[in-house]
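work_1.cif (mmCIF, C-alpha atoms)
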data_query
loop_
_atom_site.label_atom_id
_atom_site.label_comp_id
_atom_site.auth_asym_id
_atom_site.auth_seq_id
_atom_site.Cartn_x
_atom_site.Cartn_y
_atom_site.Cartn_z
CA MET A 1 68.81 15.35 -2.31
CA SER A 2 68.90 18.82 -3.76
CA ASP A 3 66.14 20.34 -5.88
CA SER A 4 66.40 20.08 -9.65
CA LYS A 5 66.07 23.29 -11.59
CA ASP A 6 66.66 21.63 -14.93
CA PRO A 7 64.19 18.72 -15.42
CA LYS A 8 66.50 17.16 -18.01
CA GLN A 9 69.24 16.57 -15.45
CA VAL A 10 68.95 13.03 -14.14
CA SER A 11 71.44 13.56 -11.34
CA LYS A 12 68.94 15.69 -9.38
CA ASN A 13 65.55 14.07 -9.19
CA ASP A 14 63.64 15.86 -6.40
CA LEU A 15 60.51 17.12 -8.14
CA ARG A 16 58.94 18.58 -5.01
CA ASN A 17 57.93 21.72 -6.93
CA SER A 18 55.87 19.74 -9.42
CA GLN A 19 52.21 20.63 -9.59
CA PHE A 20 49.25 18.73 -10.87
CA GLY A 21 46.58 20.54 -12.85
CA GLY A 22 43.08 20.17 -11.49
CA GLY A 23 39.84 18.98 -13.05
CA LEU A 24 38.71 15.94 -14.96
CA VAL A 25 40.78 15.01 -18.00
CA ASN A 26 39.18 13.49 -21.08
CA ALA A 27 41.01 10.24 -21.81
CA GLU A 28 40.35 10.58 -25.53
CA THR A 29 41.78 14.09 -25.96
CA VAL A 30 44.47 14.49 -23.29
CA ASN A 31 47.63 16.19 -24.50
CA ALA A 32 50.72 17.88 -23.15
CA GLU A 33 49.15 21.35 -23.04
CA ARG A 34 46.17 20.34 -20.87
CA ILE A 35 47.96 19.23 -17.72
CA GLY A 36 50.16 21.45 -15.54
CA GLY A 37 53.45 20.35 -13.95
CA ASP A 38 56.26 17.98 -14.83
CA ILE A 39 57.11 14.44 -13.79
CA TYR A 40 59.98 12.62 -15.44
CA ASN A 41 60.78 8.93 -15.52
CA ILE A 42 64.25 7.47 -16.04
CA HIS A 43 64.53 4.13 -17.82
CA PHE A 44 67.31 1.77 -16.79
CA GLY A 45 68.62 -1.64 -17.77
CA GLN A 46 69.90 -3.54 -20.76
CA GLN A 47 68.93 -2.45 -24.24
CA MET A 48 66.72 -4.98 -26.01
CA ALA A 49 65.87 -5.39 -29.68
CA SER A 50 62.33 -4.74 -30.87
CA GLY A 51 60.55 -5.63 -34.06
CA SER A 52 58.91 -2.19 -34.42
CA PRO A 53 60.59 0.44 -36.60
CA PRO A 54 62.60 3.06 -34.70
CA GLN A 55 61.03 6.44 -34.01
CA SER A 56 62.68 9.65 -35.13
CA GLN A 57 64.00 11.87 -32.33
CA LYS A 58 61.08 14.30 -32.69
CA GLN A 59 58.56 11.46 -32.69
CA LYS A 60 60.19 10.03 -29.60
CA GLU A 61 60.09 13.41 -27.84
CA ARG A 62 56.41 13.83 -28.71
CA SER A 63 55.65 10.35 -27.40
CA GLN A 64 57.54 11.05 -24.20
CA GLN A 65 55.64 14.29 -23.68
CA GLU A 66 52.33 12.53 -24.25
CA ARG A 67 53.37 9.76 -21.85
CA ASP A 68 54.29 12.30 -19.17
CA SER A 69 50.93 14.04 -19.61
CA LEU A 70 49.05 10.76 -19.43
CA GLU A 71 50.93 9.73 -16.29
CA LYS A 72 49.82 12.92 -14.55
CA ALA A 73 46.29 12.59 -15.92
CA TYR A 74 46.15 9.00 -14.66
CA THR A 75 47.25 10.09 -11.18
CA LEU A 76 44.63 12.83 -11.05
CA GLN A 77 41.91 10.50 -12.29
CA ASN A 78 42.91 7.84 -9.78
CA GLN A 79 42.58 10.39 -7.01
CA ARG A 80 39.17 11.42 -8.34
CA VAL A 81 37.99 7.80 -8.38
CA ASP A 82 39.19 7.35 -4.80
CA ARG A 83 37.32 10.43 -3.60
CA ILE A 84 34.08 9.34 -5.26
CA ARG A 85 34.44 5.81 -3.90
CA ASN A 86 34.99 7.13 -0.37
CA ALA A 87 31.94 9.38 -0.70
CA TRP A 88 29.90 6.41 -1.96
CA VAL A 89 31.00 4.26 1.01
CA ILE A 90 29.98 6.78 3.68
CA GLU A 91 26.80 8.07 1.97
CA THR A 92 23.58 6.91 3.66
CA ASP A 93 20.95 8.56 1.46
CA PRO A 94 19.85 5.90 -1.10
CA SER A 95 19.34 8.32 -4.00
CA ARG A 96 22.70 10.05 -3.52
CA LYS A 97 24.40 6.69 -3.03
CA PHE A 98 23.00 5.58 -6.38
CA GLN A 99 24.29 8.77 -8.02
CA TYR A 100 27.74 8.18 -6.60
CA GLU A 101 27.66 4.59 -7.87
CA GLN A 102 26.79 5.71 -11.40
CA GLN A 103 29.45 8.41 -11.35
CA LEU A 104 32.02 5.94 -10.05
CA GLN A 105 31.40 3.60 -12.97
CA VAL A 106 31.94 6.43 -15.47
CA GLU A 107 35.14 7.60 -13.78
CA GLU A 108 36.55 4.06 -13.62
CA VAL A 109 36.02 3.71 -17.39
CA THR A 110 37.95 6.96 -17.89
CA LEU A 111 40.73 5.65 -15.65
CA ARG A 112 40.93 2.41 -17.60
CA LYS A 113 41.12 4.26 -20.94
CA LEU A 114 43.95 6.42 -19.63
CA GLY A 115 45.80 3.28 -18.58
CA GLU A 116 45.29 1.69 -22.01
CA LYS A 117 46.57 4.78 -23.81
CA LEU A 118 49.58 4.91 -21.51
CA ASP A 119 50.38 1.24 -22.16
CA ALA A 120 50.22 1.87 -25.92
CA ILE A 121 52.69 4.75 -25.69
CA GLU A 122 54.99 2.69 -23.49
CA GLN A 123 55.11 0.08 -26.25
CA GLN A 124 56.08 2.76 -28.77
CA LEU A 125 58.93 3.88 -26.54
CA GLN A 126 60.39 0.40 -26.11
CA PRO A 127 64.13 0.38 -26.87
CA THR A 128 65.12 -0.71 -30.41
CA GLU A 129 68.28 -1.93 -32.03
CA ASN A 130 69.02 1.62 -33.17
CA SER A 131 68.92 2.82 -29.57
CA ALA A 132 71.48 0.26 -28.44
CA SER A 133 74.13 2.96 -28.54
CA GLU A 134 72.42 4.70 -25.62
CA ALA A 135 74.35 3.85 -22.48
CA ALA A 136 72.47 1.64 -20.03
CA VAL A 137 72.67 2.85 -16.45
CA ILE A 138 73.75 0.10 -14.07
CA ILE A 139 72.65 0.37 -10.45
CA THR A 140 75.43 -0.91 -8.21
CA SER A 141 74.60 0.29 -4.69
CA TRP A 142 71.88 1.56 -2.41
CA GLU A 143 73.22 5.09 -2.74
CA SER A 144 72.96 4.90 -6.54
CA VAL A 145 69.35 3.74 -6.17
CA LYS A 146 68.59 6.77 -4.00
CA HIS A 147 70.49 9.04 -6.37
CA THR A 148 68.48 7.98 -9.43
CA ALA A 149 65.03 7.69 -7.83
CA ILE A 150 62.43 10.34 -8.69
CA TYR A 151 60.50 12.22 -6.02
CA ALA A 152 56.92 10.90 -5.95
CA PRO A 153 54.94 13.09 -3.52
CA GLU A 154 51.51 12.22 -4.91
CA GLN A 155 52.18 8.57 -5.69
CA LEU A 156 53.23 7.35 -2.22
CA LYS A 157 50.97 8.42 0.64
CA MET A 158 50.56 7.31 4.24
CA ILE A 159 46.91 6.93 5.23
CA ASP A 160 45.92 7.28 8.88
CA ILE A 161 44.05 4.04 9.66
CA LYS A 162 41.86 5.62 12.33
CA THR A 163 40.71 8.66 10.35
CA ARG A 164 41.35 7.32 6.81
CA GLU A 165 42.80 10.70 5.96
CA GLU A 166 45.83 11.27 3.76
CA ILE A 167 48.75 12.67 5.72
CA ARG A 168 49.47 16.07 4.21
CA GLY A 169 50.65 17.88 7.30
CA LEU A 170 49.72 18.81 10.86
CA ASP A 171 49.11 22.00 12.78
CA LYS A 172 51.77 24.50 11.69
CA ASP A 173 53.10 24.81 15.21
CA GLU A 174 53.82 21.08 15.18
CA ILE A 175 55.45 20.87 11.75
CA PRO A 176 59.22 21.31 11.45
CA ASN A 177 60.55 23.39 8.56
CA ASP A 178 60.65 20.45 6.20
CA ASP A 179 59.00 19.61 2.88
CA SER A 180 58.50 15.93 3.71
CA HIS A 181 55.10 14.76 4.85
CA CYS A 182 54.83 14.19 8.58
CA ILE A 183 53.60 11.06 10.31
CA LYS A 184 53.10 10.57 14.03
CA LEU A 185 55.25 8.38 16.23
CA GLY A 186 53.48 5.12 17.12
CA GLN A 187 50.44 5.85 14.93
CA PRO A 188 49.19 3.03 12.62
CA TYR A 189 49.26 3.76 8.88
CA ARG A 190 48.70 2.08 5.54
CA LEU A 191 50.67 3.08 2.46
CA HIS A 192 48.62 4.11 -0.58
CA ILE A 193 50.56 3.70 -3.84
CA ILE A 194 49.33 5.36 -7.04
CA PHE A 195 51.18 4.74 -10.30
CA PRO A 196 49.86 4.21 -13.84
CA TYR A 197 51.89 1.03 -14.30
CA ILE A 198 49.26 -1.65 -13.78
CA GLY A 199 50.64 -5.17 -13.99
CA LYS A 200 54.28 -4.17 -13.52
CA ASN A 201 56.42 -5.89 -10.91
CA LEU A 202 56.74 -3.85 -7.71
CA LEU A 203 59.66 -3.80 -5.29
CA LEU A 204 59.31 -1.53 -2.27
CA ILE A 205 62.19 -0.89 0.14
CA ASN A 206 62.12 1.10 3.37
CA GLU A 207 65.19 2.67 4.98
CA ASP A 208 64.42 3.74 8.54
CA ALA A 209 65.75 6.66 10.55
CA GLU A 210 68.65 4.54 11.80
CA GLY A 211 69.71 3.35 8.34
CA ASN A 212 68.23 -0.16 8.56
CA LYS A 213 66.68 -1.43 5.33
CA TYR A 214 63.58 -3.60 4.94
CA LEU A 215 61.95 -5.28 1.95
CA ILE A 216 58.29 -4.29 2.19
CA CYS A 217 57.21 -5.70 -1.17
CA PRO A 218 57.30 -8.57 -1.86
CA SER A 219 56.90 -9.92 1.66
CA LYS A 220 54.43 -11.99 3.61
CA ALA A 221 54.07 -9.22 6.17
CA PHE A 222 53.14 -6.30 3.92
CA ALA A 223 52.41 -7.57 0.38
CA GLU A 224 52.42 -10.82 -1.59
CA VAL A 225 55.02 -13.51 -2.30
CA PRO A 226 57.04 -14.62 -4.22
CA TYR A 227 56.48 -11.36 -6.15
CA SER A 228 53.94 -8.56 -6.29
CA LEU A 229 52.32 -7.11 -9.40
CA PHE A 230 51.18 -3.51 -9.16
CA SER A 231 47.41 -3.03 -9.18
CA GLU A 232 45.08 -0.02 -9.15
CA ARG A 233 44.55 1.64 -5.77
CA LEU A 234 47.16 -0.49 -4.02
CA TYR A 235 47.22 -0.29 -0.22
CA LEU A 236 49.96 -1.88 1.88
CA PRO A 237 49.62 -3.85 4.00
CA PRO A 238 46.49 -5.36 2.40
CA ASN A 239 43.48 -5.66 4.68
CA ASP A 240 43.08 -9.39 3.99
CA GLN A 241 44.00 -10.90 7.40
CA LYS A 242 46.29 -13.53 5.88
CA PRO A 243 48.50 -15.44 8.34
CA GLY A 244 51.56 -13.37 9.19
CA ARG A 245 50.10 -10.19 7.69
CA ALA A 246 50.98 -6.93 9.42
CA LYS A 247 48.03 -4.78 10.45
CA SER A 248 49.74 -1.49 9.63
CA PHE A 249 52.96 0.47 9.39
CA LYS A 250 53.99 1.85 12.76
CA PHE A 251 57.15 3.89 13.30
CA LEU A 252 58.75 3.99 16.75
CA THR A 253 61.77 6.24 16.13
CA GLU A 254 61.76 9.95 15.35
CA GLY A 255 63.49 10.90 12.13
CA GLU A 256 63.17 10.28 8.41
CA GLU A 257 61.64 7.17 6.84
CA TYR A 258 62.74 6.70 3.23
CA PHE A 259 60.72 4.59 0.77
CA ILE A 260 61.98 3.47 -2.66
CA ALA A 261 59.52 2.01 -5.19
CA ILE A 262 61.07 0.05 -8.07
CA LEU A 263 58.80 -0.91 -10.99
CA THR A 264 60.12 -3.49 -13.45
CA GLU A 265 58.73 -4.95 -16.67
CA GLU A 266 59.20 -8.58 -15.64
CA THR A 267 58.63 -10.31 -12.32
CA ILE A 268 61.59 -10.63 -9.98
CA GLU A 269 61.71 -13.62 -7.66
CA LEU A 270 64.15 -13.41 -4.76
CA SER A 271 65.86 -16.43 -3.24
CA TRP A 272 64.65 -15.76 0.31
CA VAL A 273 61.07 -14.68 -0.47
CA ASN A 274 58.53 -17.50 -0.83
CA GLU A 275 55.51 -19.09 0.82
CA GLU A 276 57.75 -20.73 3.44
CA SER A 277 59.36 -17.43 4.45
CA PHE A 278 58.89 -16.12 7.97
CA SER A 279 56.67 -13.06 7.93
CA LYS A 280 59.15 -11.05 10.04
CA ASP A 281 62.08 -11.88 7.74
CA ILE A 282 62.09 -8.54 5.92
CA ASP A 283 65.58 -7.30 6.80
CA LEU A 284 67.78 -6.34 3.84
CA ASN A 285 71.44 -7.14 4.42
CA LYS A 286 74.25 -6.49 1.93
CA GLU A 287 73.88 -9.85 0.16
CA ARG A 288 70.13 -9.54 -0.27
CA LEU A 289 70.41 -5.99 -1.59
CA GLU A 290 73.06 -7.11 -4.07
CA GLU A 291 70.72 -9.86 -5.31
CA ILE A 292 67.95 -7.30 -5.86
CA LEU A 293 70.24 -4.92 -7.76
CA MET A 294 71.66 -7.74 -9.88
CA LYS A 295 68.19 -8.84 -10.97
CA VAL A 296 66.96 -5.27 -11.49
CA ASN A 297 69.94 -4.55 -13.76
CA ARG A 298 68.89 -7.41 -16.04
CA GLN A 299 65.60 -5.66 -16.80
CA THR A 300 64.64 -2.93 -19.22
CA ASN A 301 62.54 0.19 -18.60
CA THR A 302 62.95 -0.01 -14.84
CA ARG A 303 61.59 2.97 -12.91
CA PHE A 304 62.68 4.26 -9.51
CA PHE A 305 60.62 6.54 -7.28
CA TYR A 306 61.08 7.75 -3.72
CA LYS A 307 59.18 9.45 -0.91
CA LYS A 308 60.41 10.57 2.52
CA PHE A 309 58.23 10.84 5.62
CA LYS A 310 59.15 12.75 8.76
CA VAL A 311 58.27 10.88 11.95
CA ILE A 312 57.41 13.30 14.76
CA ILE A 313 55.94 13.07 18.24
#

Final structure tokens representation of the file:
Amino acid sequence: MSDSKDPKQVSKNDLRNSQFGGGLVNAETVNAERIGGDIYNIHFGQQMASGSPPQSQKQKERSQQERDSLEKAYTLQNQRVDRIRNAWVIETDPSRKFQYEQQLQVEEVTLRKLGEKLDAIEQQLQPTENSASEAAVIITSWESVKHTAIYAPEQLKMIDIKTREEIRGLDKDEIPNDDSHCIKLGQPYRLHIIFPYIGKNLLLINEDAEGNKYLICPSKAFAEVPYSLFSERLYLPPNDQKPGRAKSFKFLTEGEEYFIAILTEETIELSWVNEESFSKDIDLNKERLEEILMKVNRQTNTRFFYKKFKVII
């Protein structure tokens, strides 16, 4: 995918040059001018009627700007909460551990308020009868999914299980000239997913270096069945030791691993995913992919995100 120089063009969605402003954001006063960078979401699916009065174009644009700012603020705050929680876990001094615990409670309240404000704006931006003239984008193939997905460098991260460190890169002599994050061949990882869409239905698909496709979520191996709802600080696979649960992601072929995250308003249940499924039955053939796309196209406000990882020795 080529870089997008015009953020309003939906045909080029690689936002690798996006930047997140630093610092703690006040959930009560956040606005578009306080957060650096740009992340854009594309809404897909059928247009549905709503009982709320339609917004004017300027009102809609302001709401979209505020939503974009809140999404970035939520991501930053989620990262802050994670850092404080990790510090609290490893701290041994009782007084400092208590301080971390108190700080963590405050930061989690801020995170929750950001999520509530974001949900409220999402409700305002729900399609109305007057927006029915806007053409719904229908996803018909895997290539169209990849074409419309938005680059999510900070929302999808591989975590080294042994060191618990986020994979941001390796020694410069070992890194190829590539913007994708690098992961090591044969090393165990968990995937950390950070989006501000708590309670939304999550579909996660992996395309490996050889072009094979796998349904990661929902699945008995890496997530939950028959569907998975997105939750705060989601790690896949979960560390719950359920029967058939994978211990980690491990990649055995050099090349590019492509992940697509699809977030839908309503749950999607797939015909082959249930409690009786075999845990290793995660392969996506043509028929299964067509079933996913058919059910995704029935939804409104569907969001597509992607992240590529470079597997190296």

Give me the residues near region 212-221 of chain A as a short mmCIF file (atom, residue, chain, number, x, y, z; two decimals) with C-alpha atoms, keeping the file's coordinate frame, where near means some atom within 7 Å (using all atoms listed in the file) and where sequence neighbours in that chain fewer than 3 positions away do not count.
data_model
loop_
_atom_site.label_atom_id
_atom_site.label_comp_id
_atom_site.auth_asym_id
_atom_site.auth_seq_id
_atom_site.Cartn_x
_atom_site.Cartn_y
_atom_site.Cartn_z
CA LEU A 202 56.74 -3.85 -7.71
CA LEU A 203 59.66 -3.80 -5.29
CA LEU A 204 59.31 -1.53 -2.27
CA ILE A 205 62.19 -0.89 0.14
CA ASN A 206 62.12 1.10 3.37
CA GLU A 207 65.19 2.67 4.98
CA ASP A 208 64.42 3.74 8.54
CA GLU A 224 52.42 -10.82 -1.59
CA VAL A 225 55.02 -13.51 -2.30
CA PRO A 226 57.04 -14.62 -4.22
CA TYR A 227 56.48 -11.36 -6.15
CA SER A 228 53.94 -8.56 -6.29
CA GLY A 244 51.56 -13.37 9.19
CA ARG A 245 50.10 -10.19 7.69
CA ALA A 246 50.98 -6.93 9.42
CA VAL A 273 61.07 -14.68 -0.47
CA SER A 279 56.67 -13.06 7.93
CA LYS A 280 59.15 -11.05 10.04
CA ILE A 282 62.09 -8.54 5.92
CA ASP A 283 65.58 -7.30 6.80
CA LEU A 284 67.78 -6.34 3.84
#

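When all atoms listed in the file are used to compute distances to Ile194 (chain A), the closest of the residues A:Ser277, A:Gln77, A:Ser95, A:Ser69 turns out to be A:Gln77.
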
Next on the checklist: So that I can check the surroundings of Gly115 (chain A), please list as number ranges by chain every protein, DNA and RNA residue that reaches within 12 Å of it, counting all atoms listed in the file and ignoring chain neighbours fewer than 2 positions away.
Outcome noted: A: 27-28, 67, 69-75, 77-78, 108-113, 117-122, 195-199, 231-232

Checklist entry - Distance CA of Leu234 (chain A)-CA of Glu107 (chain A), one decimal place? => result 17.5 Å

Checklist entry - Do you have the CA of Arg85 (chain A)-CA of Ile183 (chain A) distance handy? => result 24.4 Å

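Between Arg83 (chain A) and the candidates A:Leu236, A:Gln103, A:Leu114, A:Ala152, the tightest atom-to-atom separation, counting all atoms listed in the file, involves A:Gln103.
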
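In this model, the gap between CA of Val145 (chain A) and CA of Thr267 (chain A) comes to 18.7 Å.
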
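All polymer residues at most 6 Å from (57.7, 13.4, 10.3), using all atoms listed in the file, appear as Cys182, Ile183, Phe309, Lys310, Val311 and Ile312 of chain A.
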
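Closest approach to Glu256 (chain A) among A:Glu210, A:Asp82, A:Glu291, A:Glu269 is made by A:Glu210 (distances from only C-alpha atoms).
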
Shell of 8 Å around Glu266 (chain A), all atoms listed in the file, local chain residues under 6 positions omitted, as a short mmCIF file (atom, residue, chain, number, x, y, z; two decimals) with C-alpha atoms, in the coordinates of the input:
data_model
loop_
_atom_site.label_atom_id
_atom_site.label_comp_id
_atom_site.auth_asym_id
_atom_site.auth_seq_id
_atom_site.Cartn_x
_atom_site.Cartn_y
_atom_site.Cartn_z
CA LYS A 200 54.28 -4.17 -13.52
CA ASN A 201 56.42 -5.89 -10.91
CA GLN A 299 65.60 -5.66 -16.80
#

Taking all atoms listed in the file into account, produce a table as JSON lines in which each residue of region 231-292 of chain A with an atom at most 10 Å from an atom of region 301-306 of chain A appears once, together with its shortest atom pair and the distance in Å to one decimal, ordered by chain and rising number.
{"residue": "A:Tyr258", "atom": "CA", "partner": "A:Tyr306", "partner_atom": "CA", "distance": 7.2}
{"residue": "A:Phe259", "atom": "CA", "partner": "A:Tyr306", "partner_atom": "CA", "distance": 5.5}
{"residue": "A:Ile260", "atom": "CA", "partner": "A:Tyr306", "partner_atom": "CA", "distance": 4.5}
{"residue": "A:Ala261", "atom": "CA", "partner": "A:Phe305", "partner_atom": "CA", "distance": 5.1}
{"residue": "A:Ile262", "atom": "CA", "partner": "A:Phe304", "partner_atom": "CA", "distance": 4.7}
{"residue": "A:Leu263", "atom": "CA", "partner": "A:Arg303", "partner_atom": "CA", "distance": 5.2}
{"residue": "A:Thr264", "atom": "CA", "partner": "A:Thr302", "partner_atom": "CA", "distance": 4.7}
{"residue": "A:Glu265", "atom": "CA", "partner": "A:Asn301", "partner_atom": "CA", "distance": 6.7}
{"residue": "A:Glu266", "atom": "CA", "partner": "A:Thr302", "partner_atom": "CA", "distance": 9.4}

Resulting file, chosen residues, C-alpha atoms, as a short mmCIF file (atom, residue, chain, number, x, y, z; two decimals), keeping the file's coordinate frame:
data_model
loop_
_atom_site.label_atom_id
_atom_site.label_comp_id
_atom_site.auth_asym_id
_atom_site.auth_seq_id
_atom_site.Cartn_x
_atom_site.Cartn_y
_atom_site.Cartn_z
CA TYR A 258 62.74 6.70 3.23
CA PHE A 259 60.72 4.59 0.77
CA ILE A 260 61.98 3.47 -2.66
CA ALA A 261 59.52 2.01 -5.19
CA ILE A 262 61.07 0.05 -8.07
CA LEU A 263 58.80 -0.91 -10.99
CA THR A 264 60.12 -3.49 -13.45
CA GLU A 265 58.73 -4.95 -16.67
CA GLU A 266 59.20 -8.58 -15.64
#

Region 205-252 of chain A near region 159-162 of chain A within 12 Å: what's each residue's closest atom pair and its distance in Å to one decimal, counting only C-alpha atoms, ordered by chain then ascending residue number, as CSV?
residue,atom,partner,partner_atom,distance
A:Leu234,CA,A:Ile159,CA,11.9
A:Tyr235,CA,A:Ile159,CA,9.1
A:Leu236,CA,A:Ile159,CA,9.9
A:Pro237,CA,A:Ile159,CA,11.2
A:Asn239,CA,A:Ile161,CA,10.9
A:Lys247,CA,A:Ile161,CA,9.7
A:Ser248,CA,A:Ile161,CA,7.9
A:Phe249,CA,A:Ile161,CA,9.6
A:Lys250,CA,A:Asp160,CA,10.5

With all heavy atoms retained, output region 212-220 of chain A as a compact mmCIF listing (two decimals), in the first residue's frame.
# COMPACT_ATOMS: atom_id res chain seq x y z
N ASN A 212 -1.52 -17.67 2.93
CA ASN A 212 -2.57 -18.42 3.63
C ASN A 212 -3.28 -17.50 4.62
O ASN A 212 -2.65 -16.64 5.24
CB ASN A 212 -1.97 -19.61 4.37
CG ASN A 212 -1.21 -20.54 3.45
OD1 ASN A 212 -1.74 -20.99 2.44
ND2 ASN A 212 0.04 -20.82 3.79
N LYS A 213 -4.58 -17.70 4.77
CA LYS A 213 -5.37 -16.84 5.66
C LYS A 213 -5.93 -17.65 6.82
O LYS A 213 -6.36 -18.79 6.64
CB LYS A 213 -6.51 -16.17 4.88
CG LYS A 213 -6.02 -15.30 3.73
CD LYS A 213 -7.19 -14.77 2.92
CE LYS A 213 -6.71 -14.05 1.68
NZ LYS A 213 -6.01 -14.95 0.74
N TYR A 214 -5.94 -17.02 8.01
CA TYR A 214 -6.41 -17.69 9.22
C TYR A 214 -7.34 -16.75 9.99
O TYR A 214 -7.08 -15.55 10.09
CB TYR A 214 -5.24 -18.09 10.11
CG TYR A 214 -4.19 -18.91 9.40
CD1 TYR A 214 -3.03 -18.31 8.91
CD2 TYR A 214 -4.35 -20.28 9.22
CE1 TYR A 214 -2.07 -19.05 8.25
CE2 TYR A 214 -3.39 -21.03 8.55
CZ TYR A 214 -2.25 -20.42 8.07
OH TYR A 214 -1.30 -21.15 7.41
N LEU A 215 -8.41 -17.32 10.54
CA LEU A 215 -9.30 -16.56 11.41
C LEU A 215 -8.77 -16.67 12.84
O LEU A 215 -8.85 -17.72 13.47
CB LEU A 215 -10.73 -17.09 11.32
CG LEU A 215 -11.75 -16.33 12.18
CD1 LEU A 215 -11.90 -14.89 11.70
CD2 LEU A 215 -13.10 -17.04 12.16
N ILE A 216 -8.22 -15.58 13.34
CA ILE A 216 -7.66 -15.56 14.69
C ILE A 216 -8.75 -15.30 15.73
O ILE A 216 -8.76 -15.89 16.81
CB ILE A 216 -6.57 -14.46 14.78
CG1 ILE A 216 -5.48 -14.71 13.72
CG2 ILE A 216 -5.98 -14.42 16.17
CD1 ILE A 216 -4.80 -16.03 13.82
N CYS A 217 -9.66 -14.41 15.39
CA CYS A 217 -10.74 -14.05 16.31
C CYS A 217 -12.03 -13.85 15.52
O CYS A 217 -12.04 -13.06 14.57
CB CYS A 217 -10.36 -12.75 17.03
SG CYS A 217 -11.59 -12.15 18.20
N PRO A 218 -13.08 -14.62 15.87
CA PRO A 218 -13.17 -15.58 16.98
C PRO A 218 -12.53 -16.92 16.62
O PRO A 218 -12.56 -17.33 15.47
CB PRO A 218 -14.69 -15.73 17.17
CG PRO A 218 -15.25 -15.51 15.78
CD PRO A 218 -14.38 -14.48 15.16
N SER A 219 -12.00 -17.58 17.62
CA SER A 219 -11.50 -18.95 17.46
C SER A 219 -11.22 -19.51 18.85
O SER A 219 -10.98 -18.76 19.79
CB SER A 219 -10.21 -18.97 16.62
OG SER A 219 -9.12 -18.44 17.35
N LYS A 220 -11.25 -20.82 18.94
CA LYS A 220 -10.96 -21.45 20.23
C LYS A 220 -9.47 -21.37 20.54
O LYS A 220 -9.08 -21.36 21.71
CB LYS A 220 -11.41 -22.92 20.22
CG LYS A 220 -12.92 -23.09 20.18
CD LYS A 220 -13.33 -24.56 20.21
CE LYS A 220 -13.11 -25.16 21.58
NZ LYS A 220 -13.63 -26.55 21.66
